[in-house]
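All remarks here apply to the structure that follows.
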Amino acid sequence: MNLLKSLRLTNVNKTSVAFGHNTVHKYEQRSYAKKVLRDGFATLADKDLTKFESMLDKSGVITDADMISPHNKDWTNKFVGSSKLLLRPKTTEEVSMILKYCNDRKLAVVPQGGNTGLVGGSTPVHDEIILSTARMNNIMDFNESYGILSTQAGVILSDC
């Protein structure tokens, strides 16, 4: 718990319950974004949307809140962000263009693969742009001798 507080990632309540000779500690999540500082990142502007639309096809730039909603939370629904933009590139070249532009403009980005994580690591904290690799879901090779599967970043292994 001290590590979490020192990293300023979360505000945690600790509850202890005694069962005979054993004590069970339960940690309850109260807040995710309140303690994480935004630290000088730019906010999304109309010119940014125009630029992303020039980089990606129509289904690669999502601004509809209902379509973004599943990407604004982790698989357990414990962590929830407030992103207004979901980008879905199909190639590593598109990822590279997006990240270069975001770096130049100081726009915060959070990458997402299958969004099946259990710890909130790919959940936006504030209004970061979500960079989903879901459309990069091709299996490139399977080496049967070694049992090695080569895939693009968006492949969900349980779907293989």
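Quick note on naming: the chains in the structure tokens go A, B, ... in the order shown, residues restart at 1 in each chain, and ligands are numbered from 1 in order of appearance.
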
Query - All strand (DSSP E) residues (DSSP, backbone) inside stretch 26-126 of chain A, as an MDAnalysis selection string - result: chainID A and resid 26:31 61:62 86:87 109:112

Query raised in the report: Given the choices A:Asn77, A:Ser145, A:Thr43, A:Asn72, which gets closest to A:Gln112 if the distance is worked out from only C-alpha atoms?
Result: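 Result for the nearest residue to A:Gln112: A:Asn72.
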
Requested in this report: Can you pull out every residue within 9 Å of stretch 125-137 of chain A, counting only C-alpha atoms, but drop anything in the same chain fewer than 4 positions away, and send it as a ChimeraX atom specification?
Outcome: /A:32-34,36,38,43-44,60,68,71-72,79-92,95,98,102,107-115,151-156

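Secondary structure by DSSP on the backbone puts the following residues of stretch 63-135 of chain A in helix (DSSP H, G or I): Ala65, Asp66, Met67, Ile68, Ser69, Pro70, His71, Asn72, Thr92, Glu93, Glu94, Val95, Ser96, Met97, Ile98, Leu99, Lys100, Tyr101, Cys102, Asn103, Asp104 and Arg105 of chain A.
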
Can you write out the residues you just picked, keeping C-alpha atoms, as a PDB file, in the first residue's frame?
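Saved file selection.pdb follows:
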ATOM      1  CA  ALA A  65     -18.837   8.020 -26.954  1.00  0.00           C
ATOM      2  CA  ASP A  66     -20.767   4.724 -27.052  1.00  0.00           C
ATOM      3  CA  MET A  67     -18.092   3.087 -29.207  1.00  0.00           C
ATOM      4  CA  ILE A  68     -15.278   4.466 -27.032  1.00  0.00           C
ATOM      5  CA  SER A  69     -16.914   3.477 -23.740  1.00  0.00           C
ATOM      6  CA  PRO A  70     -15.646  -0.156 -23.648  1.00  0.00           C
ATOM      7  CA  HIS A  71     -12.101   1.153 -24.243  1.00  0.00           C
ATOM      8  CA  ASN A  72     -12.382   3.693 -21.413  1.00  0.00           C
ATOM      9  CA  THR A  92       2.918  -0.284 -37.886  1.00  0.00           C
ATOM     10  CA  GLU A  93       3.475   2.641 -40.268  1.00  0.00           C
ATOM     11  CA  GLU A  94       0.174   4.174 -39.148  1.00  0.00           C
ATOM     12  CA  VAL A  95       1.138   3.631 -35.488  1.00  0.00           C
ATOM     13  CA  SER A  96       4.450   5.364 -36.158  1.00  0.00           C
ATOM     14  CA  MET A  97       2.753   8.362 -37.834  1.00  0.00           C
ATOM     15  CA  ILE A  98       0.249   8.693 -34.975  1.00  0.00           C
ATOM     16  CA  LEU A  99       2.906   8.524 -32.269  1.00  0.00           C
ATOM     17  CA  LYS A 100       5.188  11.004 -34.056  1.00  0.00           C
ATOM     18  CA  TYR A 101       2.329  13.475 -34.392  1.00  0.00           C
ATOM     19  CA  CYS A 102       1.246  13.005 -30.761  1.00  0.00           C
ATOM     20  CA  ASN A 103       4.821  13.453 -29.574  1.00  0.00           C
ATOM     21  CA  ASP A 104       5.241  16.646 -31.621  1.00  0.00           C
ATOM     22  CA  ARG A 105       1.936  18.034 -30.280  1.00  0.00           C
TER      23      ARG A 105
END

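Here atom CA of A:Gly121 and atom CA of A:Thr76 stand 11.9 Å from one another.
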
Query - Selected residue, from A:Val119, A:Ala45, A:Ile62, A:Cys160, that lies nearest to A:Ile139 when counting only C-alpha atoms - result: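 Looking only at the distances to A:Ile139, the closest residue turns out to be A:Cys160.
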
**Report entry** One-decimal distance in Å that lies between atom CA of A:Pro124 and atom CA of A:Ser158
**Finding:**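 Distance reported for this atom pair: 23.9 Å.
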